[in-house]
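Trainee: Contents of upload.cif (mmCIF, C-alpha atoms and all ligand atoms) are given next:
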data_input
loop_
_atom_site.label_atom_id
_atom_site.label_comp_id
_atom_site.auth_asym_id
_atom_site.auth_seq_id
_atom_site.Cartn_x
_atom_site.Cartn_y
_atom_site.Cartn_z
CA MET A 13 0.00 0.00 0.00
CA PRO A 14 1.60 3.36 -0.89
CA GLU A 15 2.30 6.01 1.74
CA GLN A 16 -0.94 7.74 2.77
CA PRO A 17 -0.66 11.14 1.03
CA SER A 18 -1.76 13.67 3.66
CA GLU A 19 -1.87 14.15 7.37
CA GLU A 20 -5.00 13.33 9.30
CA THR A 21 -6.57 16.00 11.48
CA ASN A 22 -7.62 14.95 14.94
CA PRO A 23 -11.22 16.25 15.20
CA TYR A 24 -11.03 16.61 18.98
CA GLY A 25 -7.59 18.19 19.22
CA GLY A 26 -4.78 16.67 21.25
CA GLY A 27 -2.82 13.66 20.12
CA THR A 28 -0.43 13.92 17.25
CA THR A 29 -1.34 15.67 14.03
CA THR A 30 2.06 15.31 12.40
CA GLY A 31 3.67 12.38 10.66
CA PRO A 32 2.25 9.99 8.12
CA ARG A 33 -1.44 9.34 7.98
CA ARG A 34 -2.56 6.20 9.83
CA VAL A 35 -3.53 3.18 7.75
CA ARG A 36 -7.21 2.53 8.41
CA THR A 37 -9.45 -0.42 7.68
CA ARG A 38 -10.95 1.54 4.77
CA HIS A 39 -7.47 1.65 3.18
CA PHE A 40 -7.51 -2.16 3.22
CA GLN A 41 -10.76 -2.03 1.29
CA ASN A 42 -9.35 0.53 -1.18
CA ALA A 43 -6.22 -1.58 -1.62
CA LYS A 44 -8.30 -4.61 -2.61
CA ALA A 45 -10.46 -2.54 -4.96
CA ASN A 46 -7.36 -1.16 -6.69
CA GLY A 47 -5.25 -4.32 -6.68
CA ILE A 48 -2.61 -2.82 -4.36
CA PRO A 49 -0.92 -5.51 -2.21
CA ILE A 50 -1.18 -5.12 1.57
CA THR A 51 1.89 -5.91 3.70
CA GLY A 52 1.94 -7.18 7.27
CA LEU A 53 4.48 -8.45 9.79
CA THR A 54 4.22 -9.58 13.37
CA SER A 55 5.90 -7.43 16.00
CA TYR A 56 6.14 -7.85 19.77
CA ASP A 57 8.16 -4.83 20.90
CA GLN A 58 8.78 -1.16 20.22
CA LEU A 59 12.18 -1.61 18.53
CA THR A 60 10.94 -3.82 15.70
CA ALA A 61 7.61 -1.96 15.51
CA ARG A 62 9.44 1.30 14.80
CA ILE A 63 11.63 -0.28 12.12
CA PHE A 64 8.76 -2.05 10.36
CA ASP A 65 6.57 1.06 10.57
CA GLN A 66 9.31 3.27 9.11
CA ALA A 67 9.82 0.72 6.31
CA GLY A 68 6.17 1.20 5.33
CA ILE A 69 4.62 -2.09 6.45
CA ASP A 70 0.84 -1.53 6.43
CA PHE A 71 -0.14 -3.49 9.51
CA LEU A 72 1.61 -4.96 12.53
CA LEU A 73 0.12 -8.00 14.22
CA VAL A 74 1.00 -8.51 17.85
CA GLY A 75 0.43 -12.20 17.38
CA ASP A 76 0.03 -14.88 19.98
CA SER A 77 3.07 -16.33 18.21
CA ALA A 78 4.69 -14.27 20.98
CA GLY A 79 4.10 -17.49 22.91
CA ASN A 80 6.89 -19.12 20.91
CA ASN A 81 8.95 -16.05 20.02
CA VAL A 82 8.88 -14.08 23.27
CA PHE A 83 7.87 -16.42 26.05
CA GLY A 84 9.49 -19.64 24.80
CA TYR A 85 6.40 -21.86 24.90
CA ASP A 86 6.05 -24.78 22.50
CA THR A 87 2.66 -23.61 21.20
CA THR A 88 0.48 -20.51 21.33
CA LEU A 89 -1.99 -22.19 23.69
CA PRO A 90 -0.60 -21.00 27.06
CA VAL A 91 -0.52 -17.31 26.03
CA THR A 92 -2.77 -15.05 28.10
CA VAL A 93 -4.37 -11.66 27.54
CA ASP A 94 -2.30 -10.27 30.41
CA GLU A 95 0.89 -11.39 28.66
CA LEU A 96 -0.08 -9.84 25.31
CA ILE A 97 -1.33 -6.50 26.61
CA PRO A 98 2.07 -4.94 27.44
CA LEU A 99 3.56 -6.16 24.14
CA THR A 100 0.62 -4.74 22.17
CA ARG A 101 0.86 -1.43 24.02
CA ALA A 102 4.56 -1.14 23.15
CA VAL A 103 3.89 -1.82 19.44
CA ALA A 104 0.89 0.53 19.26
CA HIS A 105 2.90 3.28 20.95
CA ALA A 106 5.80 2.89 18.51
CA ALA A 107 3.91 2.65 15.21
CA SER A 108 2.80 5.96 13.78
CA ARG A 109 1.51 4.80 10.38
CA ALA A 110 0.81 1.07 10.52
CA LEU A 111 -2.53 -0.29 11.69
CA VAL A 112 -1.86 -2.34 14.81
CA VAL A 113 -3.81 -5.58 15.29
CA ALA A 114 -4.06 -7.24 18.71
CA ASP A 115 -4.31 -11.03 18.60
CA MET A 116 -6.89 -12.52 20.97
CA PRO A 117 -5.30 -15.59 22.57
CA PHE A 118 -6.75 -19.04 23.14
CA GLY A 119 -9.23 -19.05 26.01
CA SER A 120 -10.23 -15.40 25.67
CA TYR A 121 -13.24 -15.62 23.33
CA GLU A 122 -14.41 -19.21 22.74
CA THR A 123 -17.21 -19.33 25.33
CA GLY A 124 -19.28 -16.77 23.45
CA PRO A 125 -19.83 -13.20 22.25
CA ASP A 126 -19.80 -11.66 25.75
CA GLU A 127 -16.38 -13.04 26.58
CA ALA A 128 -15.11 -12.07 23.13
CA LEU A 129 -16.31 -8.48 23.46
CA HIS A 130 -14.86 -8.21 26.96
CA THR A 131 -11.44 -9.29 25.68
CA ALA A 132 -11.59 -7.04 22.62
CA VAL A 133 -12.53 -4.04 24.77
CA ARG A 134 -9.59 -4.74 27.08
CA PHE A 135 -7.18 -4.70 24.13
CA MET A 136 -8.65 -1.50 22.71
CA LYS A 137 -8.73 0.36 26.05
CA GLU A 138 -5.44 -0.85 27.49
CA THR A 139 -3.12 -0.96 24.47
CA GLY A 140 -4.02 1.58 21.77
CA ALA A 141 -4.38 -1.17 19.13
CA HIS A 142 -6.63 -0.36 16.18
CA ALA A 143 -8.20 -3.78 15.61
CA VAL A 144 -8.30 -7.29 17.03
CA LYS A 145 -7.80 -10.68 15.42
CA LEU A 146 -9.34 -13.99 16.39
CA GLU A 147 -9.29 -17.47 14.92
CA GLY A 148 -12.15 -19.49 13.45
CA GLY A 149 -14.70 -19.16 10.67
CA VAL A 150 -18.27 -20.35 11.12
CA ARG A 151 -17.59 -21.18 14.78
CA SER A 152 -16.51 -17.59 15.53
CA TYR A 153 -19.34 -15.88 13.59
CA LYS A 154 -21.21 -14.67 16.70
CA GLN A 155 -18.07 -13.44 18.41
CA ILE A 156 -16.98 -11.41 15.37
CA ARG A 157 -20.46 -9.97 14.94
CA ARG A 158 -20.63 -8.81 18.55
CA ILE A 159 -17.18 -7.20 18.51
CA VAL A 160 -17.79 -5.44 15.19
CA GLY A 161 -21.19 -4.31 16.51
CA ALA A 162 -19.36 -2.51 19.31
CA GLY A 163 -17.30 -0.54 16.77
CA ILE A 164 -14.11 -2.61 16.98
CA PRO A 165 -12.61 -3.79 13.67
CA VAL A 166 -11.94 -7.52 13.45
CA MET A 167 -9.38 -9.31 11.32
CA ALA A 168 -10.51 -12.94 11.00
CA HIS A 169 -8.16 -15.94 10.71
CA ILE A 170 -9.09 -19.20 8.97
CA GLY A 171 -7.34 -22.16 7.33
CA PHE A 172 -4.67 -23.48 9.69
CA THR A 173 -5.46 -21.90 13.05
CA PRO A 174 -2.58 -22.55 15.49
CA GLN A 175 -4.80 -22.34 18.59
CA SER A 176 -6.57 -25.50 17.31
CA GLU A 177 -3.42 -27.37 16.35
CA HIS A 178 -4.30 -30.36 18.53
CA GLY A 179 -7.83 -30.53 17.14
CA LEU A 180 -6.49 -30.24 13.60
CA GLY A 181 -3.92 -32.96 14.21
CA GLY A 182 -0.81 -30.82 13.90
CA HIS A 183 0.57 -28.26 11.45
CA ILE A 184 -1.44 -29.47 8.50
CA ILE A 185 -2.41 -27.60 5.32
CA GLN A 186 -6.13 -26.82 5.39
CA GLY A 187 -8.64 -26.55 2.54
CA ARG A 188 -7.43 -29.53 0.52
CA GLY A 189 -9.97 -31.86 -1.10
CA SER A 190 -13.27 -31.75 0.75
CA GLY A 191 -11.75 -29.17 3.13
CA ALA A 192 -12.13 -26.57 0.37
CA LYS A 193 -15.90 -26.39 0.95
CA GLN A 194 -15.37 -25.75 4.69
CA LEU A 195 -12.78 -23.07 3.95
CA LEU A 196 -15.15 -21.23 1.61
CA GLU A 197 -17.94 -21.46 4.19
CA ASP A 198 -15.61 -20.08 6.86
CA ALA A 199 -14.52 -17.24 4.58
CA HIS A 200 -18.10 -16.21 3.82
CA ALA A 201 -19.08 -16.52 7.49
CA VAL A 202 -16.41 -14.10 8.70
CA GLN A 203 -17.21 -11.64 5.90
CA ASP A 204 -20.93 -11.81 6.75
CA ALA A 205 -20.09 -11.30 10.42
CA GLY A 206 -18.39 -8.00 9.53
CA ALA A 207 -14.65 -8.77 9.56
CA PHE A 208 -12.66 -6.13 7.61
CA ALA A 209 -10.05 -8.66 6.41
CA VAL A 210 -9.31 -12.36 6.74
CA VAL A 211 -6.00 -14.15 7.24
CA LEU A 212 -5.70 -17.41 5.26
CA GLU A 213 -2.99 -19.54 6.83
CA MET A 214 -1.45 -22.59 5.12
CA VAL A 215 -4.02 -23.23 2.41
CA PRO A 216 -3.43 -24.30 -1.21
CA ALA A 217 -2.82 -21.35 -3.53
CA THR A 218 -5.70 -22.30 -5.84
CA ILE A 219 -8.22 -22.31 -2.97
CA ALA A 220 -6.84 -19.05 -1.59
CA ALA A 221 -7.29 -17.52 -5.05
CA LYS A 222 -10.89 -18.72 -5.14
CA VAL A 223 -11.63 -17.25 -1.70
CA THR A 224 -10.01 -13.96 -2.73
CA GLU A 225 -12.14 -13.81 -5.87
CA GLN A 226 -15.36 -14.55 -4.01
CA LEU A 227 -14.89 -12.19 -1.05
CA SER A 228 -15.29 -8.43 -1.07
CA ILE A 229 -13.00 -8.07 1.99
CA PRO A 230 -9.23 -8.43 1.54
CA THR A 231 -7.55 -11.78 2.09
CA ILE A 232 -4.15 -11.80 3.80
CA GLY A 233 -2.06 -14.88 3.06
CA VAL A 234 0.36 -16.67 5.37
CA GLY A 235 1.43 -19.56 3.20
CA ALA A 236 -1.51 -19.09 0.83
CA GLY A 237 0.34 -18.33 -2.41
CA PRO A 238 0.43 -15.16 -4.48
CA ASP A 239 -3.23 -14.71 -5.47
CA VAL A 240 -4.41 -13.03 -2.28
CA ASP A 241 -4.75 -9.34 -1.41
CA GLY A 242 -1.85 -9.15 1.02
CA GLN A 243 0.88 -11.09 2.80
CA LEU A 244 1.74 -11.55 6.46
CA LEU A 245 4.86 -13.15 7.93
CA VAL A 246 6.11 -13.83 11.43
CA TRP A 247 9.08 -11.47 11.62
CA THR A 248 11.40 -13.88 13.40
CA ASP A 249 10.93 -16.35 10.52
CA PHE A 250 11.51 -13.91 7.67
CA ALA A 251 14.54 -12.32 9.36
CA GLY A 252 16.24 -15.60 10.23
CA MET A 253 16.05 -15.16 13.99
CA SER A 254 15.04 -18.69 14.86
CA ASP A 255 17.47 -21.59 15.04
CA GLY A 256 14.70 -24.05 14.22
CA ARG A 257 13.11 -24.91 10.89
CA VAL A 258 10.93 -22.32 9.20
CA PRO A 259 7.85 -23.26 7.16
CA LYS A 260 8.27 -23.86 3.40
CA PHE A 261 6.29 -20.72 2.54
CA VAL A 262 8.73 -18.36 4.29
CA ARG A 263 11.38 -16.52 2.30
CA GLN A 264 14.25 -15.64 4.62
CA TYR A 265 15.13 -12.02 3.84
CA ALA A 266 17.97 -11.72 6.32
CA ASP A 267 20.11 -13.76 8.69
CA VAL A 268 19.78 -11.53 11.74
CA ARG A 269 20.53 -14.39 14.12
CA THR A 270 23.98 -14.92 12.59
CA VAL A 271 24.70 -11.17 12.57
CA LEU A 272 23.78 -10.95 16.26
CA PHE A 273 25.57 -14.15 17.19
CA ASP A 274 28.78 -12.97 15.49
CA ALA A 275 28.54 -9.55 17.17
CA VAL A 276 28.03 -11.11 20.61
CA THR A 277 30.90 -13.54 20.06
CA GLN A 278 33.18 -10.66 19.05
CA TYR A 279 32.10 -8.56 22.06
CA ARG A 280 32.85 -11.45 24.41
CA ALA A 281 36.27 -12.01 22.83
CA ASP A 282 37.08 -8.28 23.05
CA VAL A 283 36.13 -8.08 26.72
CA GLU A 284 38.05 -11.25 27.57
CA SER A 285 41.17 -10.05 25.70
CA GLY A 286 40.96 -6.49 27.05
CA VAL A 287 40.45 -4.91 23.59
CA TYR A 288 37.15 -3.44 24.75
CA PRO A 289 36.68 -0.87 26.22
CA ALA A 290 39.36 1.08 24.33
CA PRO A 291 40.58 4.54 25.47
CA GLU A 292 37.93 6.29 23.30
CA HIS A 293 35.18 4.54 25.22
CA SER A 294 36.30 5.89 28.59
CA TYR A 295 35.38 9.23 30.25
CA GLU A 296 38.18 11.58 31.29
O1 LIG B 1 0.17 -15.15 16.03
C1 LIG B 1 0.51 -15.00 14.85
O2 LIG B 1 1.65 -14.62 14.55
C2 LIG B 1 -0.47 -15.30 13.82
C3 LIG B 1 -0.02 -15.34 12.39
C4 LIG B 1 0.84 -16.50 12.11
C5 LIG B 1 -1.18 -15.30 11.48
O3 LIG B 1 -1.59 -15.52 14.13
#
Please express the file's structure as structure tokens.
Ligand code: KIV
Mentor:
Amino acid sequence: MPEQPSEETNPYGGGTTTGPRRVRTRHFQNAKANGIPITGLTSYDQLTARIFDQAGIDFLLVGDSAGNNVFGYDTTLPVTVDELIPLTRAVAHAASRALVVADMPFGSYETGPDEALHTAVRFMKETGAHAVKLEGGVRSYKQIRRIVGAGIPVMAHIGFTPQSEHGLGGHIIQGRGSGAKQLLEDAHAVQDAGAFAVVLEMVPATIAAKVTEQLSIPTIGVGAGPDVDGQLLVWTDFAGMSDGRVPKFVRQYADVRTVLFDAVTQYRADVESGVYPAPEHSYE
């Protein structure tokens, strides 16, 4: 999505009126209408949020993948709202252009629309995020409807949904064979419920293309091929931060882990050999 051309005036005064104009959900809609690809990355802290925002990424997802990437859990299942709130606040505070999406973790919306709205309101009030994301298609219809009805934009998430990894039988591509019908039903359900965009994770490119053609809201692919309206990646995967395997659909754009590892190794060697600190690093 190109840079928003003008500044936005705050109708009630206060706040910031300088800097680039905030990406809004309506810009997602315009992007789809005009065939302009939407870009997204996860972020869990203010340092990366600032870099990604300055590089023009359209939306930052404070994903529950923080479970793996920040907290060191094996899955996203243990992540709590209380754990995600400070991370989301840091990202929302740092990003001046990107739309910031708060991920609703497992156990914070499944029991019904009331619980879902309560969680969404917490994220909006306590973090400064601009939208929330939750997993599930048909099964999350009522939750999405209630949250959207309260004026909170919802990004839906269907296909492979990591919070259901045990129910789905592992990290398995969704929407193949007879699963295509379910995926299309899920896509239409979240659109009908009022979601402003839908993440399609790990689905065959041909099915993702079909969903994208049928929906009027933008589709955001994570391992869904090129024929979607936007792409989202987990930043630690695309930047080579993890020492584990990354999914097939990830292109590694940098090897930040090696850069950092080499720098740390050099620092340690310099301290141990007395090369650092040098005279220029000392106060008179
Ligand atoms: O938590 C996350 O990072 C996500 C993306 C993988 C879609 O939900």
Trainee: What gap, in Å, lies between atom CA of Val103 of chain A and atom CA of Val144 of chain A?
Mentor: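 Spanning atom CA of Val103 of chain A to atom CA of Val144 of chain A is a straight-line distance of 13.6 Å.
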Trainee: May I have the residues within 6 Å of ligand LIG 1 (chain B), computed using only C-alpha atoms and all ligand atoms, as a list in words?
Mentor: Thr54, Gly75, Asp76, Ser77 and Val246 of chain A
Trainee: Please work out which residues fall within 8 Å of (-4.4, -7.7, 25.0), coordinates as given in the file, with all atoms listed in the file counting, and return them as a list in words.
Mentor: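 Taken together, the residues in range are Val93, Asp94, Glu95, Leu96, Ile97, Pro98, Thr100, Ala114, Asp115, Met116, Thr131, Ala132, Arg134, Phe135, Met136, Glu138 and Thr139 of chain A.
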Trainee: So, with all atoms listed in the file as the atoms that count, which of A:Lys44, A:Arg269, A:Lys154, A:His39 lies closest to Ser254 of chain A?
Mentor: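 Nearest to Ser254 of chain A: A:Arg269.
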Trainee: Which residue gives the smallest distance to Ile156 of chain A among A:Thr92, A:Thr173, A:Gln186, A:Gln203, with all atoms listed in the file counted?
Mentor: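 Closest to Ile156 of chain A, using all atoms listed in the file: A:Gln203.
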Trainee: Take atom CA of Ile48 of chain A and atom CA of Arg62 of chain A and report the distance between them in Å, one decimal.
Mentor: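 Spanning atom CA of Ile48 of chain A to atom CA of Arg62 of chain A is a straight-line distance of 23.0 Å.
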Trainee: If I wrap all listed atoms of segment 280-292 of chain A in a box with edges along x, y and z and add 8 Å on each side, what are its centre and edge lengths in Å to one decimal, as AutoDock Vina command-line options?
Mentor:
--center_x 37.0 --center_y -2.9 --center_z 25.2 --size_x 24.3 --size_y 34.3 --size_z 20.7
Trainee: Nearest residue to Gly161 of chain A out of A:Leu195, A:Ile184, A:Ala207, A:Ala107, using all atoms listed in the file?
Mentor: A:Ala207
Trainee: Report as a list in words all protein, DNA and RNA residues lying within 10 Å of Val133 of chain A, evaluated on only C-alpha atoms, omitting residues in the same chain fewer than 4 positions from it.
Mentor: Glu127, Ala128, Leu129, Lys137, Glu138, Thr139, Val144, Ile159, Ala162, Gly163 and Ile164 of chain A
Trainee: Could segment 66-97 of chain A be written out with N, CA and C atoms, as a PDB file, in the first residue's frame, please?
Mentor:
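In the end it all went to selection.pdb:
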ATOM      1  N   GLN A  66       8.544   2.334   9.953  1.00  0.00           N
ATOM      2  CA  GLN A  66       9.305   3.269   9.113  1.00  0.00           C
ATOM      3  C   GLN A  66       9.541   2.692   7.720  1.00  0.00           C
ATOM      4  N   ALA A  67       9.597   1.360   7.624  1.00  0.00           N
ATOM      5  CA  ALA A  67       9.816   0.717   6.311  1.00  0.00           C
ATOM      6  C   ALA A  67       8.519   0.636   5.510  1.00  0.00           C
ATOM      7  N   GLY A  68       7.420   1.112   6.096  1.00  0.00           N
ATOM      8  CA  GLY A  68       6.170   1.200   5.327  1.00  0.00           C
ATOM      9  C   GLY A  68       5.282  -0.033   5.359  1.00  0.00           C
ATOM     10  N   ILE A  69       5.509  -0.923   6.320  1.00  0.00           N
ATOM     11  CA  ILE A  69       4.623  -2.093   6.453  1.00  0.00           C
ATOM     12  C   ILE A  69       3.240  -1.577   6.875  1.00  0.00           C
ATOM     13  N   ASP A  70       2.188  -2.093   6.234  1.00  0.00           N
ATOM     14  CA  ASP A  70       0.843  -1.530   6.430  1.00  0.00           C
ATOM     15  C   ASP A  70       0.207  -1.896   7.765  1.00  0.00           C
ATOM     16  N   PHE A  71       0.439  -3.143   8.207  1.00  0.00           N
ATOM     17  CA  PHE A  71      -0.138  -3.488   9.512  1.00  0.00           C
ATOM     18  C   PHE A  71       0.818  -4.364  10.305  1.00  0.00           C
ATOM     19  N   LEU A  72       0.776  -4.180  11.613  1.00  0.00           N
ATOM     20  CA  LEU A  72       1.612  -4.957  12.526  1.00  0.00           C
ATOM     21  C   LEU A  72       0.685  -5.798  13.390  1.00  0.00           C
ATOM     22  N   LEU A  73       0.904  -7.089  13.391  1.00  0.00           N
ATOM     23  CA  LEU A  73       0.119  -7.998  14.216  1.00  0.00           C
ATOM     24  C   LEU A  73       0.922  -8.360  15.457  1.00  0.00           C
ATOM     25  N   VAL A  74       0.378  -8.031  16.613  1.00  0.00           N
ATOM     26  CA  VAL A  74       1.004  -8.507  17.845  1.00  0.00           C
ATOM     27  C   VAL A  74       0.391  -9.882  18.085  1.00  0.00           C
ATOM     28  N   GLY A  75       1.001 -10.860  17.443  1.00  0.00           N
ATOM     29  CA  GLY A  75       0.428 -12.199  17.383  1.00  0.00           C
ATOM     30  C   GLY A  75       0.646 -12.980  18.668  1.00  0.00           C
ATOM     31  N   ASP A  76      -0.211 -13.983  18.844  1.00  0.00           N
ATOM     32  CA  ASP A  76       0.029 -14.875  19.985  1.00  0.00           C
ATOM     33  C   ASP A  76       1.200 -15.809  19.673  1.00  0.00           C
ATOM     34  N   SER A  77       1.799 -15.665  18.477  1.00  0.00           N
ATOM     35  CA  SER A  77       3.075 -16.333  18.205  1.00  0.00           C
ATOM     36  C   SER A  77       4.153 -15.778  19.138  1.00  0.00           C
ATOM     37  N   ALA A  78       3.821 -14.721  19.876  1.00  0.00           N
ATOM     38  CA  ALA A  78       4.688 -14.266  20.975  1.00  0.00           C
ATOM     39  C   ALA A  78       4.907 -15.410  21.967  1.00  0.00           C
ATOM     40  N   GLY A  79       3.950 -16.324  22.028  1.00  0.00           N
ATOM     41  CA  GLY A  79       4.101 -17.489  22.911  1.00  0.00           C
ATOM     42  C   GLY A  79       5.399 -18.214  22.610  1.00  0.00           C
ATOM     43  N   ASN A  80       5.662 -18.450  21.314  1.00  0.00           N
ATOM     44  CA  ASN A  80       6.887 -19.121  20.912  1.00  0.00           C
ATOM     45  C   ASN A  80       8.072 -18.143  20.896  1.00  0.00           C
ATOM     46  N   ASN A  81       7.839 -16.947  20.338  1.00  0.00           N
ATOM     47  CA  ASN A  81       8.952 -16.055  20.024  1.00  0.00           C
ATOM     48  C   ASN A  81       9.391 -15.146  21.153  1.00  0.00           C
ATOM     49  N   VAL A  82       8.521 -14.930  22.126  1.00  0.00           N
ATOM     50  CA  VAL A  82       8.883 -14.082  23.271  1.00  0.00           C
ATOM     51  C   VAL A  82       8.969 -14.913  24.547  1.00  0.00           C
ATOM     52  N   PHE A  83       7.953 -15.737  24.763  1.00  0.00           N
ATOM     53  CA  PHE A  83       7.865 -16.423  26.055  1.00  0.00           C
ATOM     54  C   PHE A  83       8.495 -17.823  26.050  1.00  0.00           C
ATOM     55  N   GLY A  84       8.803 -18.340  24.859  1.00  0.00           N
ATOM     56  CA  GLY A  84       9.487 -19.635  24.802  1.00  0.00           C
ATOM     57  C   GLY A  84       8.600 -20.846  25.017  1.00  0.00           C
ATOM     58  N   TYR A  85       7.292 -20.696  24.800  1.00  0.00           N
ATOM     59  CA  TYR A  85       6.398 -21.858  24.897  1.00  0.00           C
ATOM     60  C   TYR A  85       6.512 -22.690  23.625  1.00  0.00           C
ATOM     61  N   ASP A  86       6.017 -23.920  23.688  1.00  0.00           N
ATOM     62  CA  ASP A  86       6.049 -24.782  22.498  1.00  0.00           C
ATOM     63  C   ASP A  86       4.919 -24.482  21.526  1.00  0.00           C
ATOM     64  N   THR A  87       3.807 -23.937  22.050  1.00  0.00           N
ATOM     65  CA  THR A  87       2.660 -23.609  21.202  1.00  0.00           C
ATOM     66  C   THR A  87       2.137 -22.243  21.634  1.00  0.00           C
ATOM     67  N   THR A  88       1.089 -21.792  20.943  1.00  0.00           N
ATOM     68  CA  THR A  88       0.482 -20.506  21.332  1.00  0.00           C
ATOM     69  C   THR A  88      -0.556 -20.698  22.435  1.00  0.00           C
ATOM     70  N   LEU A  89      -0.862 -21.929  22.780  1.00  0.00           N
ATOM     71  CA  LEU A  89      -1.990 -22.191  23.688  1.00  0.00           C
ATOM     72  C   LEU A  89      -1.851 -21.570  25.087  1.00  0.00           C
ATOM     73  N   PRO A  90      -0.672 -21.555  25.698  1.00  0.00           N
ATOM     74  CA  PRO A  90      -0.601 -20.996  27.060  1.00  0.00           C
ATOM     75  C   PRO A  90      -0.698 -19.467  27.127  1.00  0.00           C
ATOM     76  N   VAL A  91      -0.595 -18.781  26.005  1.00  0.00           N
ATOM     77  CA  VAL A  91      -0.517 -17.307  26.026  1.00  0.00           C
ATOM     78  C   VAL A  91      -1.794 -16.701  26.623  1.00  0.00           C
ATOM     79  N   THR A  92      -1.619 -15.691  27.470  1.00  0.00           N
ATOM     80  CA  THR A  92      -2.774 -15.048  28.101  1.00  0.00           C
ATOM     81  C   THR A  92      -2.929 -13.605  27.617  1.00  0.00           C
ATOM     82  N   VAL A  93      -4.110 -13.065  27.872  1.00  0.00           N
ATOM     83  CA  VAL A  93      -4.368 -11.662  27.543  1.00  0.00           C
ATOM     84  C   VAL A  93      -3.395 -10.772  28.321  1.00  0.00           C
ATOM     85  N   ASP A  94      -3.189 -11.093  29.584  1.00  0.00           N
ATOM     86  CA  ASP A  94      -2.297 -10.265  30.410  1.00  0.00           C
ATOM     87  C   ASP A  94      -0.861 -10.268  29.883  1.00  0.00           C
ATOM     88  N   GLU A  95      -0.466 -11.359  29.245  1.00  0.00           N
ATOM     89  CA  GLU A  95       0.888 -11.389  28.660  1.00  0.00           C
ATOM     90  C   GLU A  95       0.953 -10.543  27.384  1.00  0.00           C
ATOM     91  N   LEU A  96      -0.125 -10.551  26.604  1.00  0.00           N
ATOM     92  CA  LEU A  96      -0.079  -9.844  25.312  1.00  0.00           C
ATOM     93  C   LEU A  96      -0.314  -8.339  25.445  1.00  0.00           C
ATOM     94  N   ILE A  97      -0.986  -7.920  26.504  1.00  0.00           N
ATOM     95  CA  ILE A  97      -1.329  -6.497  26.612  1.00  0.00           C
ATOM     96  C   ILE A  97      -0.097  -5.580  26.641  1.00  0.00           C
TER      97      ILE A  97
END
